[in-house]
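K.L.:
Please find my_file39.pdb (PDB, C-alpha atoms (C1' of nucleotides)) on the next line:
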ATOM      1  CA  MET A   1      57.841 120.763  81.823
ATOM      2  CA  PRO A   2      54.255 122.065  81.658
ATOM      3  CA  PHE A   3      51.640 120.442  83.796
ATOM      4  CA  TRP A   4      49.909 118.511  81.054
ATOM      5  CA  ALA A   5      52.880 116.103  80.794
ATOM      6  CA  TYR A   6      52.944 113.548  78.041
ATOM      7  CA  ILE A   7      51.111 110.342  78.880
ATOM      8  CA  GLU A   8      51.078 106.903  77.285
ATOM      9  CA  PRO A   9      51.809 107.031  73.532
ATOM     10  CA  VAL A  10      48.509 105.326  72.666
ATOM     11  CA  PRO A  11      49.353 103.051  69.718
ATOM     12  CA  ARG A  12      46.848 104.360  67.223
ATOM     13  CA  ALA A  13      43.229 103.468  67.863
ATOM     14  CA  ALA A  14      43.526  99.982  66.340
ATOM     15  CA  SER A  15      40.497  98.973  64.318
ATOM     16  CA  ASP A  16      38.340 101.979  64.795
ATOM     17  CA  LEU A  17      35.519 100.610  62.731
ATOM     18  CA  ASP A  18      32.304 101.936  64.181
ATOM     19  CA  VAL A  19      29.170 103.339  62.652
ATOM     20  CA  PHE A  20      30.488 106.877  62.812
ATOM     21  CA  SER A  21      33.444 106.190  60.592
ATOM     22  CA  ALA A  22      31.325 104.002  58.354
ATOM     23  CA  ILE A  23      29.006 106.874  57.519
ATOM     24  CA  ALA A  24      31.876 109.319  57.200
ATOM     25  CA  GLU A  25      32.294 108.152  53.618
ATOM     26  CA  PRO A  26      29.993 109.998  51.191
ATOM     27  CA  ARG A  27      29.574 106.997  48.926
ATOM     28  CA  ARG A  28      28.591 104.832  51.842
ATOM     29  CA  ARG A  29      26.028 107.383  52.894
ATOM     30  CA  ARG A  30      24.733 107.300  49.353
ATOM     31  CA  ILE A  31      24.405 103.531  49.519
ATOM     32  CA  LEU A  32      22.405 103.823  52.701
ATOM     33  CA  GLU A  33      20.152 106.395  51.095
ATOM     34  CA  LEU A  34      19.559 104.094  48.154
ATOM     35  CA  LEU A  35      18.760 101.186  50.423
ATOM     36  CA  ALA A  36      16.483 103.341  52.523
ATOM     37  CA  THR A  37      14.366 104.364  49.557
ATOM     38  CA  GLY A  38      13.378 101.296  47.642
ATOM     39  CA  GLY A  39      14.295  98.555  50.049
ATOM     40  CA  SER A  40      16.899  95.878  49.493
ATOM     41  CA  ARG A  41      18.937  95.749  46.328
ATOM     42  CA  SER A  42      21.480  93.501  44.719
ATOM     43  CA  VAL A  43      25.068  94.616  44.384
ATOM     44  CA  ASN A  44      24.718  95.108  40.662
ATOM     45  CA  GLU A  45      21.699  97.316  41.115
ATOM     46  CA  LEU A  46      23.741  99.468  43.462
ATOM     47  CA  VAL A  47      26.639  99.445  41.032
ATOM     48  CA  ALA A  48      24.351 100.665  38.277
ATOM     49  CA  ALA A  49      22.860 103.357  40.486
ATOM     50  CA  MET A  50      26.162 104.632  41.794
ATOM     51  CA  ARG A  51      28.130 104.379  38.576
ATOM     52  CA  LEU A  52      31.132 102.970  40.380
ATOM     53  CA  PRO A  53      33.181  99.838  39.737
ATOM     54  CA  GLN A  54      31.703  96.735  41.275
ATOM     55  CA  PRO A  55      34.679  95.959  43.552
ATOM     56  CA  THR A  56      34.467  99.450  44.970
ATOM     57  CA  VAL A  57      30.818  99.041  45.791
ATOM     58  CA  SER A  58      31.415  95.604  47.254
ATOM     59  CA  LYS A  59      34.114  96.947  49.533
ATOM     60  CA  HIS A  60      31.954  99.780  50.775
ATOM     61  CA  LEU A  61      29.212  97.266  51.390
ATOM     62  CA  ALA A  62      31.679  95.164  53.354
ATOM     63  CA  VAL A  63      32.409  98.096  55.632
ATOM     64  CA  LEU A  64      28.738  98.793  56.148
ATOM     65  CA  ARG A  65      28.210  95.114  56.846
ATOM     66  CA  GLU A  66      30.983  94.956  59.424
ATOM     67  CA  VAL A  67      29.447  97.699  61.485
ATOM     68  CA  GLY A  68      25.990  96.237  61.071
ATOM     69  CA  VAL A  69      24.192  98.988  59.200
ATOM     70  CA  VAL A  70      23.384  96.627  56.363
ATOM     71  CA  ALA A  71      22.627  92.926  56.169
ATOM     72  CA  VAL A  72      22.920  90.507  53.281
ATOM     73  CA  THR A  73      20.566  87.836  52.076
ATOM     74  CA  ARG A  74      21.414  85.337  49.419
ATOM     75  CA  ASP A  75      19.001  85.263  46.526
ATOM     76  CA  GLY A  76      20.294  82.842  43.944
ATOM     77  CA  LYS A  77      23.578  84.141  42.729
ATOM     78  CA  ARG A  78      22.730  87.599  43.889
ATOM     79  CA  ARG A  79      23.156  89.100  47.307
ATOM     80  CA  LEU A  80      20.453  91.403  48.455
ATOM     81  CA  TYR A  81      21.569  94.172  50.734
ATOM     82  CA  GLU A  82      19.154  95.608  53.191
ATOM     83  CA  ILE A  83      19.565  98.512  55.566
ATOM     84  CA  LYS A  84      19.663  97.850  59.291
ATOM     85  CA  ALA A  85      18.663 101.196  60.625
ATOM     86  CA  GLN A  86      18.880 100.278  64.289
ATOM     87  CA  GLU A  87      22.611 100.855  64.139
ATOM     88  CA  LEU A  88      22.004 104.382  62.919
ATOM     89  CA  LYS A  89      19.889 104.932  65.951
ATOM     90  CA  ALA A  90      23.039 104.964  68.057
ATOM     91  CA  VAL A  91      24.391 107.844  66.018
ATOM     92  CA  ASN A  92      21.093 109.613  66.303
ATOM     93  CA  GLU A  93      21.157 109.259  70.051
ATOM     94  CA  TRP A  94      24.646 110.674  70.264
ATOM     95  CA  ILE A  95      23.742 113.621  68.092
ATOM     96  CA  SER A  96      20.544 114.246  69.988
ATOM     97  CA  ARG A  97      22.562 115.064  73.074
ATOM     98  CA  PHE A  98      23.371 118.341  71.345
ATOM     99  CA  GLU A  99      19.882 119.083  70.154
ATOM    100  CA  ARG A 100      19.143 121.499  72.974
ATOM    101  CA  LEU A 101      22.371 123.277  72.235
ATOM    102  CA  TRP A 102      21.696 123.998  68.624
ATOM    103  CA  THR A 103      18.198 125.234  69.242
ATOM    104  CA  HIS A 104      19.443 127.404  72.079
ATOM    105  CA  GLN A 105      22.302 128.714  70.021
ATOM    106  CA  LEU A 106      19.940 129.541  67.188
ATOM    107  CA  ASP A 107      17.853 131.469  69.649
ATOM    108  CA  ARG A 108      20.919 133.323  70.785
ATOM    109  CA  VAL A 109      21.727 134.286  67.236
ATOM    110  CA  LYS A 110      18.303 135.845  66.938
ATOM    111  CA  GLU A 111      18.602 137.469  70.350
ATOM    112  CA  ARG A 112      21.935 138.964  69.460
ATOM    113  CA  ALA A 113      20.633 140.299  66.166
ATOM    114  CA  GLU A 114      17.739 141.950  67.940
ATOM    115  CA  ARG A 115      19.954 143.314  70.669
ATOM    116  CA  LEU A 116      22.390 144.734  68.163
ATOM    117  CA  ALA A 117      19.572 146.324  66.237
ATOM    118  CA  ALA A 118      18.271 147.856  69.446
ATOM    119  CA  GLU A 119      21.705 149.092  70.451
ATOM    120  CA  ALA A 120      22.275 150.599  67.032
ATOM    121  CA  ARG A 121      19.417 153.016  67.403
ATOM    122  CA  PRO A 122      20.356 154.837  70.663
ATOM    123  CA  SER A 123      23.406 157.087  70.197
ATOM    124  CA  GLY A 124      25.317 155.897  73.270
ATOM    125  CA  ALA A 125      27.413 152.968  72.014
ATOM    126  CA  LYS A 126      28.513 150.644  74.814
ATOM    127  CA  ASN A 127      31.930 149.079  74.485
ATOM    128  CA  ASN A 128      31.435 145.342  74.297
ATOM    129  CA  ARG A 129      34.339 143.335  75.664
ATOM    130  CA  HIS A 130      33.468 140.145  73.803
ATOM    131  CA  LYS A 131      33.732 140.407  70.086
ATOM    132  CA  GLU A 132      31.520 137.446  69.297
ATOM    133  CA  ASN A 133      31.523 136.578  65.606
TER     134      ASN A 133
ATOM    135  CA  MET B 134      32.747  93.224  29.585
ATOM    136  CA  PRO B 135      29.884  93.324  32.086
ATOM    137  CA  PHE B 136      27.351  96.036  31.783
ATOM    138  CA  TRP B 137      28.566  98.146  34.687
ATOM    139  CA  ALA B 138      31.636  99.195  32.713
ATOM    140  CA  TYR B 139      34.333 101.166  34.445
ATOM    141  CA  ILE B 140      33.659 104.889  34.472
ATOM    142  CA  GLU B 141      35.895 107.844  35.199
ATOM    143  CA  PRO B 142      38.657 106.999  37.706
ATOM    144  CA  VAL B 143      37.488 109.681  40.144
ATOM    145  CA  PRO B 144      40.702 111.243  41.507
ATOM    146  CA  ARG B 145      40.122 110.593  45.183
ATOM    147  CA  ALA B 146      37.584 112.792  46.899
ATOM    148  CA  ALA B 147      40.054 115.634  47.446
ATOM    149  CA  SER B 148      39.645 117.351  50.797
ATOM    150  CA  ASP B 149      36.672 115.525  52.137
ATOM    151  CA  LEU B 150      36.535 117.454  55.357
ATOM    152  CA  ASP B 151      32.925 117.573  56.410
ATOM    153  CA  VAL B 152      31.166 117.246  59.719
ATOM    154  CA  PHE B 153      30.671 113.519  59.253
ATOM    155  CA  SER B 154      34.361 112.772  59.080
ATOM    156  CA  ALA B 155      35.069 115.264  61.835
ATOM    157  CA  ILE B 156      32.908 113.362  64.289
ATOM    158  CA  ALA B 157      34.197 110.008  63.096
ATOM    159  CA  GLU B 158      37.107 110.433  65.458
ATOM    160  CA  PRO B 159      36.330 109.278  69.023
ATOM    161  CA  ARG B 160      38.547 111.890  70.627
ATOM    162  CA  ARG B 161      36.887 114.625  68.652
ATOM    163  CA  ARG B 162      33.503 113.378  69.770
ATOM    164  CA  ARG B 163      34.805 113.452  73.307
ATOM    165  CA  ILE B 164      35.876 117.063  72.876
ATOM    166  CA  LEU B 165      32.414 117.967  71.675
ATOM    167  CA  GLU B 166      30.895 116.218  74.656
ATOM    168  CA  LEU B 167      33.152 118.153  76.994
ATOM    169  CA  LEU B 168      32.263 121.426  75.328
ATOM    170  CA  ALA B 169      28.595 120.546  75.387
ATOM    171  CA  THR B 170      28.571 120.004  79.130
ATOM    172  CA  GLY B 171      30.200 122.922  80.797
ATOM    173  CA  GLY B 172      30.388 125.451  78.029
ATOM    174  CA  SER B 173      33.517 126.872  76.475
ATOM    175  CA  ARG B 174      36.935 125.819  77.656
ATOM    176  CA  SER B 175      40.529 126.728  77.024
ATOM    177  CA  VAL B 176      42.832 124.335  75.235
ATOM    178  CA  ASN B 177      44.684 123.505  78.404
ATOM    179  CA  GLU B 178      41.489 122.656  80.205
ATOM    180  CA  LEU B 179      40.677 120.241  77.430
ATOM    181  CA  VAL B 180      44.186 118.855  77.522
ATOM    182  CA  ALA B 181      43.839 118.220  81.239
ATOM    183  CA  ALA B 182      40.444 116.596  80.811
ATOM    184  CA  MET B 183      41.449 114.357  77.947
ATOM    185  CA  ARG B 184      44.906 113.451  79.196
ATOM    186  CA  LEU B 185      46.404 113.864  75.756
ATOM    187  CA  PRO B 186      49.375 115.887  74.545
ATOM    188  CA  GLN B 187      48.557 119.506  73.858
ATOM    189  CA  PRO B 188      49.515 119.407  70.157
ATOM    190  CA  THR B 189      47.194 116.463  69.651
ATOM    191  CA  VAL B 190      44.298 118.304  71.204
ATOM    192  CA  SER B 191      45.082 121.451  69.241
ATOM    193  CA  LYS B 192      45.060 119.506  66.000
ATOM    194  CA  HIS B 193      41.750 117.876  66.746
ATOM    195  CA  LEU B 194      40.399 121.286  67.610
ATOM    196  CA  ALA B 195      41.684 122.564  64.283
ATOM    197  CA  VAL B 196      39.698 119.897  62.462
ATOM    198  CA  LEU B 197      36.575 120.692  64.415
ATOM    199  CA  ARG B 198      37.147 124.369  63.705
ATOM    200  CA  GLU B 199      37.541 123.842  59.973
ATOM    201  CA  VAL B 200      34.181 122.163  59.702
ATOM    202  CA  GLY B 201      32.574 124.723  61.943
ATOM    203  CA  VAL B 202      31.465 122.610  64.879
ATOM    204  CA  VAL B 203      33.516 124.708  67.251
ATOM    205  CA  ALA B 204      34.487 128.358  67.354
ATOM    206  CA  VAL B 205      37.347 130.091  69.102
ATOM    207  CA  THR B 206      37.434 133.259  71.109
ATOM    208  CA  ARG B 207      40.593 134.900  72.293
ATOM    209  CA  ASP B 208      40.777 135.458  76.017
ATOM    210  CA  GLY B 209      44.152 136.857  76.865
ATOM    211  CA  LYS B 210      46.705 134.277  75.922
ATOM    212  CA  ARG B 211      44.099 131.580  76.069
ATOM    213  CA  ARG B 212      41.744 130.501  73.375
ATOM    214  CA  LEU B 213      38.302 129.539  74.465
ATOM    215  CA  TYR B 214      36.646 126.885  72.393
ATOM    216  CA  GLU B 215      32.910 126.785  72.171
ATOM    217  CA  ILE B 216      30.652 124.282  70.481
ATOM    218  CA  LYS B 217      28.664 125.364  67.452
ATOM    219  CA  ALA B 218      25.908 122.814  67.467
ATOM    220  CA  GLN B 219      24.152 124.065  64.372
ATOM    221  CA  GLU B 220      26.603 122.138  62.268
ATOM    222  CA  LEU B 221      25.631 118.970  64.053
ATOM    223  CA  LYS B 222      22.072 119.651  63.077
ATOM    224  CA  ALA B 223      22.974 118.724  59.506
ATOM    225  CA  VAL B 224      24.094 115.314  60.657
ATOM    226  CA  ASN B 225      20.970 114.954  62.706
ATOM    227  CA  GLU B 226      18.839 115.757  59.731
ATOM    228  CA  TRP B 227      20.593 113.193  57.593
ATOM    229  CA  ILE B 228      20.206 110.529  60.231
ATOM    230  CA  SER B 229      16.579 111.398  60.817
ATOM    231  CA  ARG B 230      15.780 110.328  57.299
ATOM    232  CA  PHE B 231      16.173 106.775  58.577
ATOM    233  CA  GLU B 232      14.212 107.217  61.750
ATOM    234  CA  ARG B 233      11.066 105.664  60.351
ATOM    235  CA  LEU B 234      13.113 102.739  59.154
ATOM    236  CA  TRP B 235      14.568 101.803  62.470
ATOM    237  CA  THR B 236      11.258 101.989  64.266
ATOM    238  CA  HIS B 237       9.587  99.993  61.508
ATOM    239  CA  GLN B 238      12.335  97.429  61.461
ATOM    240  CA  LEU B 239      12.045  96.977  65.173
ATOM    241  CA  ASP B 240       8.358  96.399  64.675
ATOM    242  CA  ARG B 241       9.096  93.875  61.984
ATOM    243  CA  VAL B 242      11.375  91.940  64.254
ATOM    244  CA  LYS B 243       8.496  91.565  66.665
ATOM    245  CA  GLU B 244       6.065  90.759  63.868
ATOM    246  CA  ARG B 245       8.317  88.104  62.470
ATOM    247  CA  ALA B 246       8.778  86.475  65.837
ATOM    248  CA  GLU B 247       5.037  86.345  66.305
ATOM    249  CA  ARG B 248       4.426  85.076  62.803
ATOM    250  CA  LEU B 249       7.003  82.339  63.171
ATOM    251  CA  ALA B 250       5.494  81.293  66.445
ATOM    252  CA  ALA B 251       2.077  81.155  64.771
ATOM    253  CA  GLU B 252       3.359  79.197  61.781
ATOM    254  CA  ALA B 253       5.102  76.711  63.995
ATOM    255  CA  ARG B 254       1.787  75.485  65.393
ATOM    256  CA  PRO B 255      -0.253  74.643  62.229
ATOM    257  CA  SER B 256       1.072  71.622  60.274
ATOM    258  CA  GLY B 257       0.649  73.017  56.737
ATOM    259  CA  ALA B 258       3.912  74.835  55.970
ATOM    260  CA  LYS B 259       3.667  77.233  53.025
ATOM    261  CA  ASN B 260       6.758  77.567  50.835
ATOM    262  CA  ASN B 261       8.037  81.065  51.252
ATOM    263  CA  ARG B 262      10.105  82.357  48.326
ATOM    264  CA  HIS B 263      11.966  84.951  50.349
ATOM    265  CA  LYS B 264      14.113  83.534  53.047
ATOM    266  CA  GLU B 265      14.439  86.652  55.143
ATOM    267  CA  ASN B 266      17.085  86.390  57.824
TER     268      ASN B 266
ATOM    269  C1'  DT C 267      63.152 144.417  76.187
ATOM    270  C1'  DC C 268      63.002 139.556  78.095
ATOM    271  C1'  DA C 269      60.961 135.513  80.051
ATOM    272  C1'  DA C 270      57.093 132.701  80.886
ATOM    273  C1'  DT C 271      52.865 130.895  79.489
ATOM    274  C1'  DA C 272      49.346 129.332  75.993
ATOM    275  C1'  DT C 273      48.536 127.652  71.728
ATOM    276  C1'  DA C 274      49.326 126.551  66.809
ATOM    277  C1'  DT C 275      52.059 124.447  63.228
ATOM    278  C1'  DG C 276      55.400 122.061  60.668
ATOM    279  C1'  DC C 277      57.974 117.834  59.907
ATOM    280  C1'  DC C 278      58.450 112.973  60.003
ATOM    281  C1'  DC C 279      56.711 108.445  60.319
ATOM    282  C1'  DA C 280      53.516 104.542  60.660
ATOM    283  C1'  DA C 281      49.103 103.007  59.908
ATOM    284  C1'  DA C 282      44.960 103.056  57.643
ATOM    285  C1'  DA C 283      41.684 104.197  53.896
ATOM    286  C1'  DC C 284      40.516 103.926  49.106
ATOM    287  C1'  DG C 285      40.788 103.056  44.245
ATOM    288  C1'  DG C 286      42.200 100.045  40.343
ATOM    289  C1'  DC C 287      42.738  95.746  38.924
ATOM    290  C1'  DA C 288      43.038  90.774  38.671
ATOM    291  C1'  DT C 289      41.240  86.900  40.314
ATOM    292  C1'  DA C 290      38.942  83.733  43.560
ATOM    293  C1'  DT C 291      34.512  81.975  45.003
ATOM    294  C1'  DG C 292      29.825  80.795  44.517
ATOM    295  C1'  DT C 293      25.657  79.745  41.886
ATOM    296  C1'  DC C 294      22.841  78.457  38.184
ATOM    297  C1'  DA C 295      21.831  76.378  33.699
ATOM    298  C1'  DA C 296      22.904  73.582  29.883
TER     299       DA C 296
ATOM    300  C1'  DT D 297      31.142  68.902  33.901
ATOM    301  C1'  DT D 298      31.562  73.601  31.690
ATOM    302  C1'  DG D 299      30.549  78.242  31.113
ATOM    303  C1'  DA D 300      28.318  82.511  32.203
ATOM    304  C1'  DC D 301      27.049  85.497  35.617
ATOM    305  C1'  DA D 302      27.274  87.754  40.416
ATOM    306  C1'  DT D 303      29.985  88.993  44.026
ATOM    307  C1'  DA D 304      33.963  89.014  47.213
ATOM    308  C1'  DT D 305      38.793  89.429  48.049
ATOM    309  C1'  DG D 306      43.621  90.024  47.601
ATOM    310  C1'  DC D 307      47.444  92.846  46.062
ATOM    311  C1'  DC D 308      49.520  97.126  44.963
ATOM    312  C1'  DG D 309      50.108 102.036  44.930
ATOM    313  C1'  DT D 310      48.710 106.568  46.462
ATOM    314  C1'  DT D 311      46.642 109.558  49.712
ATOM    315  C1'  DT D 312      45.110 110.649  54.135
ATOM    316  C1'  DT D 313      45.174 110.521  58.963
ATOM    317  C1'  DG D 314      46.869 110.819  63.435
ATOM    318  C1'  DG D 315      50.664 110.716  66.811
ATOM    319  C1'  DG D 316      55.272 112.443  68.547
ATOM    320  C1'  DC D 317      58.075 116.022  68.724
ATOM    321  C1'  DA D 318      60.267 120.439  68.094
ATOM    322  C1'  DT D 319      59.428 124.876  67.356
ATOM    323  C1'  DA D 320      56.996 129.089  65.822
ATOM    324  C1'  DT D 321      53.728 132.550  67.230
ATOM    325  C1'  DA D 322      51.052 135.233  70.347
ATOM    326  C1'  DT D 323      50.238 137.463  74.837
ATOM    327  C1'  DT D 324      51.176 139.055  79.324
ATOM    328  C1'  DG D 325      53.974 140.787  82.976
ATOM    329  C1'  DA D 326      58.348 142.308  84.861
TER     330       DA D 326
END
How does the structure come out when it is put into structure tokens?
P.N.:
Amino acid sequence: MPFWAYIEPVPRAASDLDVFSAIAEPRRRRILELLATGGSRSVNELVAAMRLPQPTVSKHLAVLREVGVVAVTRDGKRRLYEIKAQELKAVNEWISRFERLWTHQLDRVKERAERLAAEARPSGAKNNRHKEN
Amino acid sequence: MPFWAYIEPVPRAASDLDVFSAIAEPRRRRILELLATGGSRSVNELVAAMRLPQPTVSKHLAVLREVGVVAVTRDGKRRLYEIKAQELKAVNEWISRFERLWTHQLDRVKERAERLAAEARPSGAKNNRHKEN
DNA sequence: TCAATATATGCCCAAAACGGCATATGTCAA
DNA sequence: TTGACATATGCCGTTTTGGGCATATATTGA
């Protein structure tokens, strides 16, 4: 038996409902975009904008509500949905941990291009052990 | 029939594999964190770090590979996985569109608290049409 | 060649996600 | 009240997802 040995079966991450999975859905991202530009809207306004059945929109809104990225306010028989961007901040903070990496890696792409261009000119071609893509 | 009328049934968003859904999985986020701190690692190193079965890790890596957030390099019989943070930049850019919102909304929370405190003192209570939460 | 190691993949199953649809619930106005 | 409108929810069926497991596919060394 290899060293990594099977551990506890882990019974499927239960109710994994966090902001990350909430924004994994394209339509839910769209809803957030709509709410971000133009402020709060009623469900029917969103339905009209998204051209989707009302129950579908309501369910997506429910998901967004459960993770706290939107909030509802009653306004007569309507419900006005408003974005709660603070929750998105958490995602932003997680992503930002990689910010240095992607700028560095972009630099390296440029570096490599320049290095390759420089190596192409002299006749003596070095054998490069790493075939980086 | 209400005005929103049911439109095309939309045959289920096919293969929706984008970066957003890739990072929706906690274990996949963990993998990215591991690769971010400490550079590229072999599958077995990841398996040891995550204490998960090797096939599980390999499958998560496959997902991350398909969306381009990681890249593989052969190193003998090992495969070294490396993070490709540029793909995460797309997510960052999407999230950043809301940055102004979450700072503003934080401001508004403070504002509202101050306004309520100020309104509590004078006796004349205006009727406010919007009952914001 | 064979065996060992490292990793990927395929198959099966259970759980979850999503859409369609009907219907329940709530709210206002007559 | 009743009825119209606005929205949520429950049920069902299909698809997807993720885990467990066995096994296929490299790759190296003897």
K.L.:
Assuming the chain letters and numbering stay as they are in my file, what does the PyMOL selection byres ((chain D) within 8 of (chain A)) actually select? List them as a PyMOL selection string.
P.N.:
chain D and resi 302-304+314-315
K.L.:
Hey, what's within 10 Å of C:DG276 if we count all atoms listed in the file and toss same-chain stuff fewer than 3 positions away? As a list in words, please?
P.N.:
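The residues that qualify are DA318, DT319 and DA320 of chain D.
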K.L.:
So what does the PyMOL selection byres ((chain A) within 6 of (chain B)) actually pick up in this one, as a list in words?
P.N.:
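For this structure, the PyMOL selection byres ((chain A) within 6 of (chain B)) captures Tyr6, Phe20, Ser21, Ala24, Pro53, Ala85, Gln86, Leu101 and Trp102 of chain A.
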K.L.:
Using only C-alpha atoms (C1' of nucleotides), which of the listed residues (C:DC294, C:DG286, C:DC277, C:DA270) sits closest to chain B?
P.N.:
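Residue with the minimum atom-to-atom distance to chain B: C:DG286.
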K.L.:
Could you tell me which of A:Arg112, A:Thr56, A:Gly38, A:Ile31 comes closest to chain C if we count all atoms listed in the file?
P.N.:
A:Thr56
K.L.:
Which is closer to A:Val69 than all the others in A:Val109, A:Leu35, A:Val57, A:Leu46, using only C-alpha atoms?
P.N.:
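Among A:Val109, A:Leu35, A:Val57, A:Leu46, it is A:Leu35 that comes nearest to A:Val69.
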K.L.:
Based on all atoms listed in the file, which of the residues in chain C come within 10 Å of chain A? I want them as a PyMOL selection string.
P.N.:
chain C and resi 271+280-282+284-287+292-294
K.L.:
Expressed in Å to a single decimal, how great is the separation between atom CA of B:Arg198 and atom CA of B:Ala223?
P.N.:
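Atom CA of B:Arg198 sits 15.8 Å away from atom CA of B:Ala223.
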K.L.:
Could you tell me how far atom CA of B:Ser173 lies from atom CA of B:Val203, in Å and to one decimal?
P.N.:
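Taking atom CA of B:Ser173 and atom CA of B:Val203, their separation equals 9.5 Å.
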K.L.:
Quick one, how far is atom CA of A:Asp107 from atom CA of B:Tyr214?
P.N.:
19.5 Å
